[in-house]
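**Student:** Data: entry_25.csv, CSV, C-alpha atoms.
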```
chain,number,residue,atom,x,y,z
S,106,MET,CA,106.9,107.8,111.3
S,107,ASP,CA,104.7,110.7,110.5
S,108,ILE,CA,106.5,113.7,108.9
S,109,TYR,CA,104.6,117.0,109.6
S,110,ILE,CA,104.8,120.0,107.4
S,111,SER,CA,104.5,123.6,108.7
S,112,ASN,CA,102.6,126.5,107.2
S,113,PRO,CA,104.5,127.4,104.1
S,114,GLY,CA,106.5,130.6,103.5
S,115,PHE,CA,106.1,131.5,99.9
S,116,ILE,CA,106.1,134.2,97.2
S,117,CYS,CA,105.1,134.1,93.6
S,118,ALA,CA,103.0,135.9,91.0
S,119,ALA,CA,99.8,134.5,92.4
S,120,GLY,CA,100.3,135.6,96.0
S,121,THR,CA,102.5,135.5,99.1
S,122,SER,CA,102.5,134.1,102.6
S,123,LYS,CA,102.1,137.7,103.8
S,124,ASN,CA,98.4,137.4,102.8
S,125,PRO,CA,97.6,133.8,102.0
S,126,GLY,CA,93.9,134.7,101.7
S,127,ASP,CA,94.6,136.5,98.4
S,128,PHE,CA,96.6,133.5,97.2
S,129,VAL,CA,93.7,131.1,97.9
S,130,LYS,CA,91.2,133.5,96.3
S,131,ASN,CA,93.4,133.7,93.1
S,132,LEU,CA,93.6,129.9,93.0
S,133,SER,CA,89.8,129.4,93.4
S,134,CYS,CA,88.8,132.1,90.9
S,135,GLY,CA,91.6,131.6,88.4
S,136,SER,CA,93.2,135.0,88.5
S,137,ARG,CA,96.0,135.7,86.0
S,138,ASP,CA,96.7,139.2,87.2
S,139,GLY,CA,100.3,138.2,88.2
S,140,ILE,CA,101.2,137.2,84.6
S,141,LYS,CA,102.5,140.2,82.8
S,142,LYS,CA,104.3,140.9,79.5
S,143,ILE,CA,107.8,142.2,80.1
S,144,ASP,CA,110.7,143.2,77.8
S,145,CYS,CA,113.9,141.2,78.0
S,146,GLY,CA,117.2,143.1,78.4
S,147,LEU,CA,118.5,141.9,75.0
S,148,VAL,CA,117.8,143.2,71.5
S,149,GLY,CA,117.4,140.6,68.8
S,150,GLU,CA,117.0,140.8,65.1
S,151,ASN,CA,113.4,141.9,65.4
S,152,GLY,CA,113.9,144.3,68.3
S,153,VAL,CA,113.6,143.8,72.0
S,154,LYS,CA,112.1,140.4,72.9
S,155,SER,CA,109.1,140.3,75.2
S,156,PHE,CA,107.6,137.4,77.2
S,157,TYR,CA,104.6,136.7,79.4
S,158,VAL,CA,106.1,136.1,82.9
S,159,GLY,CA,104.9,135.4,86.4
S,160,LYS,CA,106.9,138.2,87.8
S,161,ILE,CA,107.2,139.2,91.5
S,162,ASP,CA,106.6,142.9,92.2
S,163,ASP,CA,109.9,144.5,93.2
S,164,SER,CA,108.2,146.3,96.1
S,165,GLU,CA,107.8,142.9,97.9
S,166,LEU,CA,111.6,142.3,98.0
S,167,THR,CA,114.2,143.8,100.4
S,168,PRO,CA,118.0,143.7,100.6
S,169,THR,CA,119.2,140.6,102.5
S,170,GLY,CA,122.5,142.0,103.7
S,171,ASP,CA,124.4,139.2,101.9
S,172,LYS,CA,127.6,140.1,100.1
S,173,PHE,CA,126.0,138.9,96.9
S,174,ASP,CA,122.5,140.4,97.3
S,175,MET,CA,121.0,138.6,94.3
S,176,ARG,CA,117.3,138.6,93.4
S,177,VAL,CA,117.2,134.9,93.9
S,178,LEU,CA,118.3,135.4,97.6
S,179,GLN,CA,115.8,138.2,98.1
S,180,ILE,CA,113.0,136.0,96.9
S,181,LEU,CA,114.1,133.1,99.1
S,182,ASP,CA,114.6,135.5,102.1
S,183,PHE,CA,110.9,136.6,101.8
S,184,ALA,CA,109.8,133.0,102.1
S,185,LEU,CA,112.2,132.2,104.9
S,186,ASN,CA,111.0,135.2,106.9
S,187,SER,CA,107.5,133.7,107.0
S,188,ILE,CA,108.7,130.4,108.6
S,189,GLU,CA,111.2,132.0,110.9
S,190,GLU,CA,109.2,131.4,114.1
S,191,THR,CA,108.8,127.7,113.3
S,192,ALA,CA,112.4,127.2,112.2
S,193,ARG,CA,113.7,128.8,115.4
S,194,LYS,CA,111.3,126.7,117.4
S,195,ALA,CA,112.7,123.6,115.7
S,196,ILE,CA,116.2,124.6,116.6
S,197,SER,CA,115.2,125.3,120.2
S,198,GLU,CA,113.4,122.0,120.4
S,199,TYR,CA,116.0,119.7,118.8
S,200,GLY,CA,119.3,121.6,118.7
S,201,SER,CA,120.8,123.4,115.8
S,202,ASN,CA,122.8,120.3,114.7
S,203,ARG,CA,119.6,118.3,114.3
S,204,VAL,CA,118.0,120.8,111.9
S,205,GLY,CA,118.9,120.4,108.3
S,206,VAL,CA,118.4,122.4,105.1
S,207,CYS,CA,117.3,121.1,101.6
S,208,ILE,CA,116.8,123.7,99.0
S,209,GLY,CA,116.2,123.2,95.3
S,210,SER,CA,117.0,125.7,92.5
S,211,CYS,CA,118.0,125.8,88.9
S,212,ASP,CA,119.5,129.3,89.2
S,213,ASN,CA,123.2,129.8,89.6
S,214,GLY,CA,123.3,133.6,90.1
S,215,SER,CA,122.1,134.3,86.5
S,216,PHE,CA,121.5,137.9,87.2
S,217,LEU,CA,125.2,138.2,88.2
S,218,SER,CA,126.5,136.3,85.2
S,219,PHE,CA,124.3,138.2,82.7
S,220,ASN,CA,125.5,141.6,83.9
S,221,ALA,CA,129.1,140.4,84.2
S,222,HIS,CA,129.1,139.1,80.7
S,223,LYS,CA,127.5,142.3,79.3
S,224,ALA,CA,130.4,144.2,81.0
S,225,PHE,CA,133.0,141.7,79.6
S,226,PHE,CA,131.7,142.0,76.0
S,227,GLY,CA,131.5,145.8,76.4
S,228,ASN,CA,134.9,146.6,77.8
S,229,GLY,CA,136.8,143.3,77.8
S,230,SER,CA,136.8,142.7,81.5
S,231,PHE,CA,134.6,141.4,84.2
S,232,PRO,CA,133.5,143.7,87.1
S,233,ALA,CA,136.0,143.8,89.9
S,234,ASP,CA,133.5,142.4,92.4
S,235,TYR,CA,132.4,139.5,90.2
S,236,ASP,CA,132.9,136.2,92.1
S,237,LEU,CA,131.9,132.8,90.9
S,238,LYS,CA,131.5,131.6,94.5
S,239,ALA,CA,128.0,133.2,94.5
S,240,GLN,CA,127.1,131.1,91.5
S,241,GLY,CA,127.6,127.8,93.2
S,242,ALA,CA,124.5,125.5,93.2
S,243,ASP,CA,124.7,125.4,97.0
S,244,TYR,CA,124.5,129.2,97.6
S,245,PRO,CA,120.8,129.4,98.4
S,246,ALA,CA,120.9,126.4,100.7
S,247,VAL,CA,123.9,127.8,102.6
S,248,PHE,CA,122.2,131.2,102.8
S,249,ALA,CA,119.1,129.6,104.4
S,250,ALA,CA,121.2,127.6,106.9
S,251,LYS,CA,123.2,130.7,108.0
S,252,LYS,CA,120.0,132.8,108.4
S,253,PHE,CA,118.6,130.5,111.1
S,254,GLY,CA,121.9,129.0,112.4
S,255,ALA,CA,120.9,125.5,111.3
S,256,GLU,CA,123.9,123.3,111.6
S,257,GLY,CA,122.5,120.0,110.4
S,258,ILE,CA,123.0,118.4,107.0
S,259,CYS,CA,122.7,121.1,104.3
S,260,LEU,CA,122.0,120.0,100.7
S,261,ALA,CA,121.3,121.6,97.4
S,262,PHE,CA,119.2,120.1,94.6
S,263,SER,CA,119.2,121.0,90.9
S,264,THR,CA,117.1,118.4,89.1
S,265,ALA,CA,115.6,121.0,86.8
S,266,CYS,CA,111.8,121.4,87.3
S,267,SER,CA,111.6,118.8,90.0
S,268,SER,CA,114.4,120.4,92.1
S,269,SER,CA,112.3,121.5,95.1
S,270,ALA,CA,110.2,118.4,95.1
S,271,SER,CA,113.5,116.4,95.3
S,272,ALA,CA,114.5,118.6,98.2
S,273,VAL,CA,111.3,117.8,100.1
S,274,ILE,CA,111.7,114.1,99.4
S,275,LYS,CA,115.3,114.2,100.8
S,276,ALA,CA,114.1,116.1,103.8
S,277,LYS,CA,111.6,113.4,104.6
S,278,GLU,CA,114.4,110.7,104.2
S,279,LEU,CA,116.7,112.6,106.5
S,280,ILE,CA,114.1,112.7,109.3
S,281,ARG,CA,113.0,109.1,108.8
S,282,SER,CA,116.6,107.9,108.9
S,283,GLY,CA,117.2,109.7,112.2
S,284,LEU,CA,119.9,112.0,110.7
S,285,CYS,CA,117.7,115.1,111.4
S,286,ASP,CA,114.7,115.9,113.5
S,287,ALA,CA,113.6,118.8,111.3
S,288,VAL,CA,114.5,120.1,107.9
S,289,ILE,CA,113.9,123.5,106.3
S,290,ALA,CA,112.9,122.4,102.8
S,291,GLY,CA,111.7,123.9,99.5
S,292,GLY,CA,113.0,125.8,96.6
S,293,VAL,CA,113.5,129.1,94.8
S,294,ASP,CA,114.0,130.3,91.2
S,295,VAL,CA,114.1,133.5,89.3
S,296,ALA,CA,113.0,134.5,85.8
S,297,SER,CA,116.1,136.3,84.7
S,298,ASP,CA,116.9,137.3,81.1
S,299,THR,CA,119.3,134.4,80.9
S,300,VAL,CA,116.5,132.0,81.8
S,301,LEU,CA,114.0,133.6,79.5
S,302,LEU,CA,116.3,133.6,76.5
S,303,GLY,CA,117.5,130.1,77.2
S,304,PHE,CA,114.0,128.6,77.2
S,305,ASP,CA,113.1,130.7,74.2
S,306,SER,CA,116.1,129.2,72.3
S,307,LEU,CA,114.7,125.7,73.1
S,308,GLU,CA,111.4,126.9,71.5
S,309,ALA,CA,109.6,125.9,74.8
S,310,VAL,CA,108.2,129.4,75.5
S,311,SER,CA,104.7,130.4,74.5
S,312,HIS,CA,104.4,134.0,73.3
S,313,GLU,CA,100.7,133.9,74.4
S,314,LYS,CA,99.4,133.1,77.8
S,315,THR,CA,100.0,129.4,78.5
S,316,ASN,CA,97.2,127.0,77.6
S,317,PRO,CA,98.0,123.6,79.3
S,318,PHE,CA,96.3,120.4,78.0
S,319,SER,CA,94.6,122.2,75.2
S,320,LYS,CA,94.9,121.1,71.6
S,321,ASN,CA,96.1,124.6,71.0
S,322,ARG,CA,98.9,124.6,73.6
S,323,SER,CA,102.1,126.2,72.5
S,324,GLY,CA,104.5,126.3,75.5
S,325,ILE,CA,105.3,127.7,78.9
S,326,ASN,CA,105.1,131.0,80.6
S,327,LEU,CA,108.1,131.3,82.9
S,328,GLY,CA,107.8,132.6,86.5
S,329,GLU,CA,109.7,133.2,89.6
S,330,GLY,CA,109.1,132.4,93.2
S,331,ALA,CA,110.0,130.5,96.4
S,332,ALA,CA,108.2,128.2,98.8
S,333,VAL,CA,109.7,126.7,102.0
S,334,PHE,CA,108.4,124.5,104.8
S,335,VAL,CA,109.7,123.2,108.1
S,336,LEU,CA,109.3,119.4,108.0
S,337,SER,CA,109.6,117.8,111.4
S,338,ARG,CA,108.8,114.6,113.4
S,339,ASP,CA,106.4,116.7,115.6
S,340,ASP,CA,103.6,119.0,114.6
S,341,LEU,CA,105.5,122.2,115.5
S,342,ASP,CA,103.1,124.5,113.7
S,343,GLY,CA,99.8,122.7,114.6
S,344,THR,CA,98.8,122.2,110.9
S,345,GLU,CA,97.9,118.5,111.4
S,346,ILE,CA,99.1,118.0,107.8
S,347,ILE,CA,101.7,115.3,107.0
S,348,LEU,CA,103.9,114.4,104.1
S,349,SER,CA,102.2,111.1,103.6
S,350,GLY,CA,104.1,109.7,100.6
S,351,THR,CA,106.8,110.5,98.1
S,352,GLY,CA,107.9,108.8,94.9
S,353,GLU,CA,110.7,109.4,92.3
S,354,SER,CA,111.6,107.8,89.0
S,355,CYS,CA,114.2,108.6,86.3
S,356,ASP,CA,113.2,107.4,82.9
S,357,ALA,CA,116.3,109.1,81.2
S,358,SER,CA,114.7,108.7,77.8
S,359,HIS,CA,116.1,112.0,76.5
S,360,MET,CA,118.0,115.1,77.6
S,361,THR,CA,114.9,117.2,77.6
S,362,ALA,CA,111.9,115.3,76.3
S,363,PRO,CA,109.9,113.1,78.7
S,364,LEU,CA,109.1,109.4,78.1
S,365,ALA,CA,106.2,109.8,75.7
S,366,ASP,CA,103.9,107.0,77.0
S,367,GLY,CA,103.7,108.4,80.5
S,368,THR,CA,105.1,105.3,82.2
S,369,GLY,CA,108.0,107.2,83.9
S,370,ALA,CA,105.6,109.7,85.4
S,371,ALA,CA,103.2,106.9,86.4
S,372,GLN,CA,106.1,105.1,88.2
S,373,ALA,CA,106.7,108.1,90.4
S,374,MET,CA,103.0,108.5,91.2
S,375,LYS,CA,102.6,104.8,92.0
S,376,ALA,CA,105.7,104.9,94.3
S,377,ALA,CA,104.2,107.8,96.2
S,378,LEU,CA,100.9,106.0,96.6
S,379,LYS,CA,102.7,102.9,97.9
S,380,ASP,CA,104.8,104.9,100.3
S,381,ALA,CA,101.7,106.6,101.7
S,382,GLY,CA,99.8,103.3,101.9
S,383,LEU,CA,97.0,104.8,99.8
S,384,SER,CA,95.0,103.7,96.7
S,385,PRO,CA,94.4,106.0,93.8
S,386,ASN,CA,90.7,106.5,94.7
S,387,GLN,CA,91.8,108.0,98.1
S,388,ILE,CA,93.4,111.0,96.4
S,389,ASP,CA,91.1,114.0,96.3
S,390,TYR,CA,93.0,116.3,94.0
S,391,VAL,CA,96.1,116.2,91.8
S,392,ASN,CA,98.2,119.3,91.1
S,393,LEU,CA,99.5,118.6,87.6
S,394,HIS,CA,102.9,119.6,86.3
S,395,GLY,CA,101.0,121.0,83.4
S,396,THR,CA,103.6,123.1,81.6
S,397,GLY,CA,101.6,123.7,78.4
S,398,THR,CA,104.3,122.2,76.2
S,399,HIS,CA,103.2,119.6,73.6
S,400,LEU,CA,105.3,116.8,74.9
S,401,ASN,CA,104.9,117.3,78.7
S,402,ASP,CA,101.1,117.6,78.6
S,403,SER,CA,100.7,114.6,76.3
S,404,MET,CA,102.9,112.4,78.5
S,405,GLU,CA,101.3,113.6,81.8
S,406,SER,CA,97.8,112.9,80.7
S,407,ARG,CA,98.8,109.4,79.8
S,408,GLY,CA,100.6,109.0,83.1
S,409,ILE,CA,97.5,110.2,85.0
S,410,ASP,CA,95.3,107.8,83.0
S,411,LEU,CA,97.6,104.9,83.8
S,412,VAL,CA,97.3,105.6,87.6
S,413,PHE,CA,93.8,107.1,88.0
S,414,GLY,CA,91.9,105.6,85.0
S,415,SER,CA,88.3,104.6,85.6
S,416,GLU,CA,88.2,101.7,88.1
S,417,ASN,CA,92.1,102.1,88.0
S,418,GLU,CA,92.2,100.4,84.6
S,419,PRO,CA,94.6,102.1,82.2
S,420,GLY,CA,93.5,103.4,78.9
S,421,LYS,CA,89.9,104.4,79.9
S,422,ASN,CA,88.4,107.8,79.7
S,423,ILE,CA,88.8,109.4,83.2
S,424,ASN,CA,86.5,112.4,82.8
S,425,ALA,CA,84.6,111.4,86.0
S,426,CYS,CA,87.8,110.5,87.9
S,427,VAL,CA,90.2,112.5,90.2
S,428,PRO,CA,89.9,116.3,90.0
S,429,CYS,CA,93.1,117.9,88.8
S,430,SER,CA,94.5,121.2,87.5
S,431,SER,CA,97.7,123.0,86.5
S,432,THR,CA,98.3,126.2,88.5
S,433,LYS,CA,101.1,127.4,86.2
S,434,PRO,CA,98.8,129.7,84.2
S,435,MET,CA,98.4,131.7,87.4
S,436,MET,CA,102.0,131.8,88.6
S,437,GLY,CA,104.1,130.8,85.7
S,438,HIS,CA,106.5,127.9,85.5
S,439,THR,CA,108.8,128.6,88.4
S,440,LEU,CA,111.3,125.8,87.4
S,441,GLY,CA,113.2,124.7,90.5
S,442,ALA,CA,110.6,126.3,92.8
S,443,ALA,CA,107.7,124.7,91.1
S,444,GLY,CA,107.6,121.5,93.2
S,445,SER,CA,107.4,123.3,96.6
S,446,LEU,CA,105.1,126.1,95.3
S,447,GLU,CA,102.7,123.5,94.0
S,448,LEU,CA,102.9,121.6,97.2
S,449,THR,CA,101.8,124.9,98.8
S,450,VAL,CA,98.8,124.9,96.5
S,451,CYS,CA,97.9,121.4,97.8
S,452,PHE,CA,98.4,122.6,101.4
S,453,TYR,CA,95.8,125.3,100.9
S,454,ALA,CA,93.5,123.0,99.0
S,455,ILE,CA,93.3,120.9,102.2
S,456,LYS,CA,93.4,123.8,104.6
S,457,GLU,CA,90.8,126.0,102.9
S,458,GLN,CA,88.8,123.2,101.1
S,459,ILE,CA,89.2,124.6,97.6
S,460,LEU,CA,90.0,123.0,94.3
S,461,PRO,CA,92.4,125.3,92.2
S,462,VAL,CA,90.9,126.2,88.9
S,463,HIS,CA,92.4,125.0,85.6
S,464,LEU,CA,92.7,127.8,83.1
S,465,TRP,CA,92.6,126.8,79.4
S,466,ASP,CA,90.6,127.4,76.3
S,467,GLY,CA,88.6,124.1,76.8
S,468,VAL,CA,89.7,122.6,73.4
S,469,GLN,CA,90.3,118.9,74.1
S,470,ASP,CA,93.2,117.3,72.3
S,471,GLU,CA,91.7,114.1,70.9
S,472,GLU,CA,95.1,112.4,70.9
S,473,MET,CA,95.3,112.6,74.7
S,474,PRO,CA,93.2,111.0,77.5
S,475,MET,CA,90.6,113.4,78.8
S,476,LEU,CA,91.3,114.7,82.4
S,477,ASN,CA,88.8,115.8,85.0
S,478,LEU,CA,90.1,119.4,84.9
S,479,VAL,CA,88.7,121.7,87.6
S,480,THR,CA,86.3,124.4,86.4
S,481,ALA,CA,85.3,127.5,88.4
S,482,GLU,CA,82.0,125.8,89.2
S,483,LYS,CA,83.9,122.8,90.7
S,484,SER,CA,86.3,124.9,92.7
S,485,LYS,CA,84.3,125.4,95.9
S,486,VAL,CA,84.0,122.4,98.1
S,487,SER,CA,81.3,122.1,100.8
S,488,GLY,CA,82.2,120.1,103.9
S,489,GLN,CA,85.4,118.3,104.7
S,490,LYS,CA,86.0,116.5,101.4
S,491,ILE,CA,89.6,117.3,100.5
S,492,ARG,CA,91.9,115.5,102.8
S,493,CYS,CA,94.6,114.0,100.5
S,494,CYS,CA,96.4,115.7,97.6
S,495,MET,CA,99.1,114.8,95.2
S,496,SER,CA,101.6,117.2,93.5
S,497,ASN,CA,103.5,116.1,90.4
S,498,SER,CA,106.8,117.6,89.1
S,499,PHE,CA,108.5,116.2,85.9
S,500,ALA,CA,111.8,117.5,84.7
S,501,PHE,CA,114.4,117.4,82.0
S,502,GLY,CA,116.3,114.1,81.9
S,503,GLY,CA,113.2,112.3,83.0
S,504,CYS,CA,113.5,113.3,86.7
S,505,ASN,CA,110.0,112.6,87.9
S,506,ALA,CA,108.8,113.3,91.5
S,507,SER,CA,105.4,112.9,93.1
S,508,LEU,CA,104.4,114.2,96.6
S,509,ILE,CA,101.3,113.3,98.7
S,510,ILE,CA,100.1,115.3,101.7
S,511,ARG,CA,97.1,114.6,103.8
S,512,LYS,CA,95.2,115.7,106.8
S,513,LYS,CA,96.1,113.5,109.7
```
Output the file's structure in the form of structure tokens.

**Tutor:**
Amino acid sequence: MDIYISNPGFICAAGTSKNPGDFVKNLSCGSRDGIKKIDCGLVGENGVKSFYVGKIDDSELTPTGDKFDMRVLQILDFALNSIEETARKAISEYGSNRVGVCIGSCDNGSFLSFNAHKAFFGNGSFPADYDLKAQGADYPAVFAAKKFGAEGICLAFSTACSSSASAVIKAKELIRSGLCDAVIAGGVDVASDTVLLGFDSLEAVSHEKTNPFSKNRSGINLGEGAAVFVLSRDDLDGTEIILSGTGESCDASHMTAPLADGTGAAQAMKAALKDAGLSPNQIDYVNLHGTGTHLNDSMESRGIDLVFGSENEPGKNINACVPCSSTKPMMGHTLGAAGSLELTVCFYAIKEQILPVHLWDGVQDEEMPMLNLVTAEKSKVSGQKIRCCMSNSFAFGGCNASLIIRKK
């Protein structure tokens, strides 16, 4: 059964579904205008901490009317508004009880908790309106279901950086199993002070602009955003783009570090290829997880080499093989939203025939396989050449996910 995906509703530092043309332009020219240095709301030993963040302009967000009008809901609401027509068409076509919701996110109302704890430490009590209910992992998914009146299966996913990729995979499974005819699927996350300080404590944050796959890489720039699709058994939006294959693996080698040899990541990619009935040489572009951390980039380059190595033989230099790039330097690492946002990148790579640019300093790490990273010169594609794209998401705990979409 073919599973069609709609035009995405999305918002991030690199652009929004309000004007997707700007998003496509930023991807193809490598704009970092959305990555800005901001001060964190906490004073440390050396003064106020600051970070490079893919931050959404406040002017893009509006109140949702929800009792707990958190920033994460406002970001999600922006994306949902862009797919409203298609979502309501699905409900009209199939019935509200046949339309499900799958939303991935790492955030549990961190803006609420940060402010509540500041109040508690200041005066000894939480604010009167502070309620843990809004910090449940399911709150964004329930919000999305209520917005459209979708009464089918409603699920939340929190598998760290693969959360929204996991949500998309489950949406496909719900449709294939016959439990749903359509599913609103994607993810959302927010770059709150809690998140910034947490990743900084793990020494995972770069205090320069992120430099993925470089020998000089030093960590991530965090970001915030949302991206959602309507997945359905019919082409409700006329995109002619299908979710062709999905794959997951869990190497569980460490609480935070990935399996160093790349075999866990490769297992997810191979599973997606098998599900799609495709060979590696049929993939026209890979959107890398590409966080800019030492361990992730090292592991992922090895995983790509295992799957896409020259003549599909592992261990060979693949400089002439599949074009790939990390788009996190343009939007930040959006955590639970990364999987669906980077699937959005793949969607526009196919729709607009562009290869998203990889931004780095060009210094190859000789300890890693060389990848065919997209330069500005390679970004523009003439003719109908990009038909099939893979998006990778790799998370804490070894939760690996790979998604493949293609033009039907």

**Student:** Measuring atom to atom with only C-alpha atoms, identify which of S:Gly343, S:Gly324, S:Gly283, S:Gly205 is nearest to Ala309 in chain S.

**Tutor:**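 Between S:Gly343, S:Gly324, S:Gly283, S:Gly205, the residue approaching Ala309 in chain S most closely is S:Gly324.
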
**Student:** Pick the closest to His312 in chain S from S:Ala371, S:Leu460, S:Ile143, S:Ile258: which is it, counting only C-alpha atoms?

**Tutor:**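 Using only C-alpha atoms, His312 in chain S sits closest to S:Ile143.
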
**Student:** Would you please work out which residue, of S:Ser122, S:Asn505, S:Thr432, S:Ser197, is nearest to Ser136 in chain S when using only C-alpha atoms?

**Tutor:**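 Residue with the minimum atom-to-atom distance to Ser136 in chain S: S:Thr432.
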
**Student:** Name the closest residue to Phe183 in chain S among the candidates S:Gln240, S:Ser384, S:Ser282, S:Thr121; distances are taken between atoms, counting all atoms listed in the file.

**Tutor:**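 That would be S:Thr121, the residue with the smallest distance to Phe183 in chain S.
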
**Student:** If we count all atoms listed in the file, what is near Tyr199 in chain S at a cut-off of 9 Å, once residues fewer than 3 positions away on the same chain are taken out, given as a PDB file with C-alpha atoms, keeping the file's coordinate frame?

**Tutor:**
```pdb
ATOM      1  CA  LYS S 194     111.300 126.700 117.400  1.00  0.00           C
ATOM      2  CA  ALA S 195     112.700 123.600 115.700  1.00  0.00           C
ATOM      3  CA  ILE S 196     116.200 124.600 116.600  1.00  0.00           C
ATOM      4  CA  ASN S 202     122.800 120.300 114.700  1.00  0.00           C
ATOM      5  CA  ARG S 203     119.600 118.300 114.300  1.00  0.00           C
ATOM      6  CA  VAL S 204     118.000 120.800 111.900  1.00  0.00           C
ATOM      7  CA  CYS S 285     117.700 115.100 111.400  1.00  0.00           C
ATOM      8  CA  ASP S 286     114.700 115.900 113.500  1.00  0.00           C
ATOM      9  CA  ALA S 287     113.600 118.800 111.300  1.00  0.00           C
TER      10      ALA S 287
END
```

**Student:** Could you jot down the CA of Lys433 in chain S to CA of His359 in chain S separation for me, Å, one decimal place?

**Tutor:** 23.6 Å

**Student:** If we count all atoms listed in the file, what is near range 163-180 of chain S at a cut-off of 10 Å, once residues fewer than 4 positions away on the same chain are taken out, given as a VMD selection string?

**Tutor:** chain S and resid 115 to 117 121 123 184 to 185 210 212 to 217 234 to 236 238 to 240 244 to 246 248 to 249 252 293 to 297 329 to 332

**Student:** From the options S:Gly292, S:Pro461, S:Gly352, S:Gly227, which residue's atoms come nearest to Ser269 in chain S, counting all atoms listed in the file?

**Tutor:**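 Checking each candidate against Ser269 in chain S, we get S:Gly292 as the closest.
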
**Student:** Report the distance between CA of His438 in chain S and CA of Gly397 in chain S in Å, rounded to one decimal place.

**Tutor:**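 These two atoms are separated by 9.6 Å.
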
**Student:** Hey, can you check how far CA of Val412 in chain S sits from CA of Ser431 in chain S?

**Tutor:**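 About the pair CA of Val412 in chain S and CA of Ser431 in chain S: they are 17.4 Å apart.
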
**Student:** Would you be able to write out as a list in words which residues have an atom within 10 Å of (99.6, 125.8, 86.6) in the file's coordinates, counting all atoms listed in the file?

**Tutor:** Leu132, Thr315, Asn316, Pro317, Ile325, Asn326, Asn392, Leu393, His394, Gly395, Thr396, Gly397, Ser430, Ser431, Thr432, Lys433, Pro434, Met435, Met436, Gly437, His438, Thr439, Ala443, Glu447, Val450, Pro461, Val462, His463 and Leu464 of chain S

**Student:** Can you list, as a PyMOL selection string, every protein, DNA or RNA residue that comes within 7 Å of Asp380 in chain S when you count all atoms listed in the file, leaving out same-chain residues fewer than 4 positions away?

**Tutor:** chain S and resi 350-351+376

**Student:** Env of Lys485 in chain S: 12 Å cut, atoms = all atoms listed in the file, seq-sep filter 4 positions within chain, self excluded. Answer as a list in words.

**Tutor:**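 Contacts, in chain order: Val129, Lys130, Leu132, Ser133, Cys134, Ala454, Ile455, Glu457, Gln458, Ile459, Leu460, Pro461, Val462, Val479, Thr480, Ala481, Gln489, Lys490 and Ile491 of chain S.
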
**Student:** Determine, counting all atoms listed in the file, which protein, DNA and RNA residues have an atom within 6 Å of an atom of Cys493 in chain S; residues of the same chain fewer than 5 positions away are not included. Present the result as a ChimeraX atom specification.

**Tutor:** /S:388-389,510-511

**Student:** Please complete range 310-318 of chain S with N, CA, C and O atoms and give it back as a short mmCIF file (atom, residue, chain, number, x, y, z; two decimals), in the frame of the given file.

**Tutor:**
```cif
data_model
loop_
_atom_site.label_atom_id
_atom_site.label_comp_id
_atom_site.auth_asym_id
_atom_site.auth_seq_id
_atom_site.Cartn_x
_atom_site.Cartn_y
_atom_site.Cartn_z
N VAL S 310 108.95 128.28 74.98
CA VAL S 310 108.20 129.40 75.50
C VAL S 310 107.01 129.75 74.65
O VAL S 310 107.16 129.88 73.43
N SER S 311 105.85 129.93 75.26
CA SER S 311 104.70 130.40 74.50
C SER S 311 104.71 131.94 74.53
O SER S 311 104.96 132.58 75.56
N HIS S 312 104.42 132.53 73.39
CA HIS S 312 104.40 134.00 73.30
C HIS S 312 102.92 134.49 73.49
O HIS S 312 102.63 135.67 73.32
N GLU S 313 102.05 133.57 73.88
CA GLU S 313 100.70 133.90 74.40
C GLU S 313 100.65 133.34 75.82
O GLU S 313 101.57 132.67 76.28
N LYS S 314 99.55 133.63 76.51
CA LYS S 314 99.40 133.10 77.80
C LYS S 314 99.23 131.55 77.73
O LYS S 314 98.51 131.06 76.87
N THR S 315 99.93 130.82 78.60
CA THR S 315 100.00 129.40 78.50
C THR S 315 98.64 128.71 78.54
O THR S 315 97.73 129.21 79.22
N ASN S 316 98.49 127.57 77.87
CA ASN S 316 97.20 127.00 77.60
C ASN S 316 97.31 125.44 77.85
O ASN S 316 97.12 124.65 76.92
N PRO S 317 97.63 125.01 79.08
CA PRO S 317 98.00 123.60 79.30
C PRO S 317 96.83 122.63 79.01
O PRO S 317 95.68 122.89 79.32
N PHE S 318 97.20 121.51 78.37
CA PHE S 318 96.30 120.40 78.00
C PHE S 318 95.35 120.72 76.91
O PHE S 318 94.50 119.90 76.57
#
```
